[in-house]
Structure formats: structure tokens, C-alpha cells
Amino acid sequence: MPSEFQLIQQFFQREQAEQPAEGVLLGIGDDCALLQIPAGKQLAVSVDTLVAGVHFPADADPELIAQRALRTNLSDLAAMGADPLWFTLALTLPEANEEWLRRFSRGLFSCARDYGIALVGGDTTSGPLSITIQVMGATQAHQAMRRDGANIGDFILVTNALGDGAAALAVIQQTQSFAPEHRDYLLSRFYRPTPRLQESALIRDMATSALDISDGLVADLQHICDASDVGAVIDVENIPLSPAVKALNNTSQAYQWALSGGDDYELCFTLPPEKMADIAMLIAQGKLNATVIGEIIPGNQVVCELEGEPFVLAKTGYQHFE
């Protein structure tokens, strides 16, 4: 059986060595990586753990598991308006399965190449399958998008469509059936969510606050409200839904997925009224897919309204240890 160091060298160190990365003075193979932050930038750092059976099916394709693990972490950089630089990987494995590792590393480095981020270190250990990725990116000094800048009167926008992540989970759990083309689309959205880095670069000079939607729109928007000491109202009928979710022909279920399902990894951000013309121009030019879904109001809670009436949620979002 290969040792930990042999696994690292075979599946990660050699692969990364073929992709020289800017700012990496010393990468995989030592006690620490040595990294040079770009001049005039601030470092944005985020870490997440994905656990088999909780965040992905344990028997899923290792390439897809790797894609999901890195893409969901890159979404945190997008939420802060940061450009990707480097990441580390801590991998807990029930066994040293070389074919699994080969496929996992193939998916991981394919994603890393797509988004220009370099693996600079990590760890492997034995135990139940889990993947911990720490991503690092750069923002212009004092210009990161944060959660605490929303103001009363700001508009609330989301990118692309919501509800796909929860619909995909229903497919995986076999609690809902879809036509083959919609099923394939939803599974792709689950395993290969798009970190909205391009959209982030367009809005980061205009947004007053932002985050990515991982636990559900209502639960995540509440984080902006808490940090900014404001309230919010969501016009539920304005929430953008994909053709796959619309095809379910169950509007109530679709709205529940969009509002509280989570796993969408779209951006939710706030804009002052004077910036709306700029956003409208980007949308008209086809550079940005974003929809106004509500407004920041006085108070401290997120309120959902459908045709002017309260919309009651079964739950507001995903909760660990619930």
C-alpha cells in the first residue's frame, strides 16, 4: 500500500508541478508553502469541509466530487469579489484506492486549470471520506464585497436562477422525477456549480453587500440583514427559476426550493438605486444575468411576499446539526 507521501507525490505534487503558478515561492512538498501576495492587494481566505453522505453521495464519481469540492469553495471568493490564487487540500480517505485518487485528482486539476488557481499544499489521513479545501484569493485593498454594507432603499439582486441545487438533491434522493434533459442539467448544477467569478468582477465596484447562496436565499440574506442592521423584503414571484424547475409545474415547491433549498452558489447582492442603470446596461449587453428580487427595508428580518401577501416557508435554510 502506498504511503501518504507517495500518494501526495503521485497524484498531487507531480500534477501541480506541471502548472507553474504566479506568487508561489515554494509549493507542495515542504512543511509550509511560501506565497507572495500581489502588491496592493489583500488576501481573502475561506475554508470548507465536505463530508460523504452529507454534502455528496459517497459512491459518486470521484471526478465530480472533486469538481464540486473546489467549485463550491471558489464561490466564496466570488462572494467577496476576490480573484483566485491558491488552495490547499486536506483529504481523509477510508482506503488508499489509487483508481479513486486518479479520478479525483483529474477532476480537481481540471477545475483548477479552468479557474486559474494553484494547489500549494495539504494533507492526507485515514478515516471516513471527507474533503477540506482552503481557498485564497486577492482583492484590491479595502474593496472586498462584504455583508455589512447594505442600506435601506438598496435593491436586492441574485444571479442566474435559484432552486436548482435543491431540485438536484431531490433527483439524487429519488424523491422527484424529471425529464432526462432536465435531470442531466440539475445534476450538472449540483456537481459542477459555477462560481460566479466573472459576475463578481462586474459588480464588485458597485455592490454595497454580497454573499453566495449556499444554505438558502432567506437564510443567507438574513446574514446580510444581521451584519448591516437592516431588514429585507423578497418579492417571491420575481425569483428567477430555471426551465428544469419550472417544468415541475409545482410553483409552491419551486419557490420553497429557491428560497430555502440552498446549494445554488449564486450571488445575492445589494445595489443603491443610483447604480441600477449601470447594472441594467450590463444585463442588456448580455454580460450579466441578474434579477431584482426585493429591497432592503427598515427592521431586522427577511420577509417573503407573494402578490403582496406573506409567503410561509416550511424552513428558512440548511442548518448543520439540525
# chains A, B, ... in the order shown; residues from 1 in each chain; ligands from 1
call {"tool": "residues_around", "arguments": {"residues": "region 197-204 of chain A", "least_positions_apart": "5", "cutoff": "7 Å", "atoms": "only C-alpha atoms", "output": "list in words"}}
result
Ala78, Ala79, Gly81, Met145 and Leu288 of chain A
call {"tool": "select_by_dssp", "arguments": {"residues": "region 88-235 of chain A", "states": "helix (DSSP H, G or I)", "output": "PyMOL selection string"}}
result
chain A and resi 98-115+164-172+180-191+197-203+217-228
call {"tool": "select_by_dssp", "arguments": {"residues": "region 109-208 of chain A", "states": "strand (DSSP E)", "output": "list in words"}}
result
Ala118, Leu119, Val120, Gly121, Gly122, Asp123, Thr124, Thr125, Ser126, Ser130, Ile131, Thr132, Ile133, Gln134, Val135, Met136, Gly137, Ala138, Thr139, Gln140, Phe155, Ile156, Leu157, Val158 and Thr159 of chain A
call {"tool": "residues_around", "arguments": {"residues": "Val120 (chain A)", "least_positions_apart": "2", "cutoff": "10 Å", "atoms": "only C-alpha atoms", "output": "VMD selection string"}}
result
chain A and resid 12 to 13 16 to 17 21 24 to 30 32 to 35 85 to 89 117 to 118 122
call {"tool": "write_last_selection", "arguments": {"atoms": "C-alpha atoms", "output": "PDB file, in the first residue's frame"}}
result
ATOM      1  CA  PHE A  12      -0.946  15.945  -6.469  1.00  0.00           C
ATOM      2  CA  GLN A  13       2.657  17.172  -6.387  1.00  0.00           C
ATOM      3  CA  GLN A  16       0.783  20.761  -9.849  1.00  0.00           C
ATOM      4  CA  ALA A  17       4.482  20.892 -10.801  1.00  0.00           C
ATOM      5  CA  ALA A  21       1.721  29.372 -10.506  1.00  0.00           C
ATOM      6  CA  VAL A  24       4.236  30.550  -5.343  1.00  0.00           C
ATOM      7  CA  LEU A  25       7.780  30.752  -3.982  1.00  0.00           C
ATOM      8  CA  LEU A  26       7.603  27.231  -2.513  1.00  0.00           C
ATOM      9  CA  GLY A  27       4.692  24.866  -3.066  1.00  0.00           C
ATOM     10  CA  ILE A  28       3.859  21.244  -2.260  1.00  0.00           C
ATOM     11  CA  GLY A  29       6.483  19.144  -0.509  1.00  0.00           C
ATOM     12  CA  ASP A  30       7.664  21.240   2.451  1.00  0.00           C
ATOM     13  CA  CYS A  32       4.647  25.212   4.592  1.00  0.00           C
ATOM     14  CA  ALA A  33       4.040  26.876   1.264  1.00  0.00           C
ATOM     15  CA  LEU A  34       5.707  30.251   0.712  1.00  0.00           C
ATOM     16  CA  LEU A  35       3.427  32.660  -1.139  1.00  0.00           C
ATOM     17  CA  LEU A  85      -4.810  32.491  -6.375  1.00  0.00           C
ATOM     18  CA  TRP A  86      -4.095  29.291  -4.425  1.00  0.00           C
ATOM     19  CA  PHE A  87      -5.747  26.461  -2.473  1.00  0.00           C
ATOM     20  CA  THR A  88      -4.839  23.689  -0.051  1.00  0.00           C
ATOM     21  CA  LEU A  89      -6.425  20.253   0.236  1.00  0.00           C
ATOM     22  CA  ILE A 117      -5.998  28.506  -9.056  1.00  0.00           C
ATOM     23  CA  ALA A 118      -2.965  26.506  -7.868  1.00  0.00           C
ATOM     24  CA  GLY A 122      -2.377  19.925   2.106  1.00  0.00           C
TER      25      GLY A 122
END
call {"tool": "atom_distance", "arguments": {"atom1": "CA of Ile283 (chain A)", "atom2": "CA of Ala227 (chain A)"}}
result
28.2 Å
call {"tool": "closest_residue", "arguments": {"among": "A:Gln134, A:Ala141, A:Leu50, A:Pro310", "to": "Gly121 (chain A)", "atoms": "only C-alpha atoms"}}
result
A:Gln134
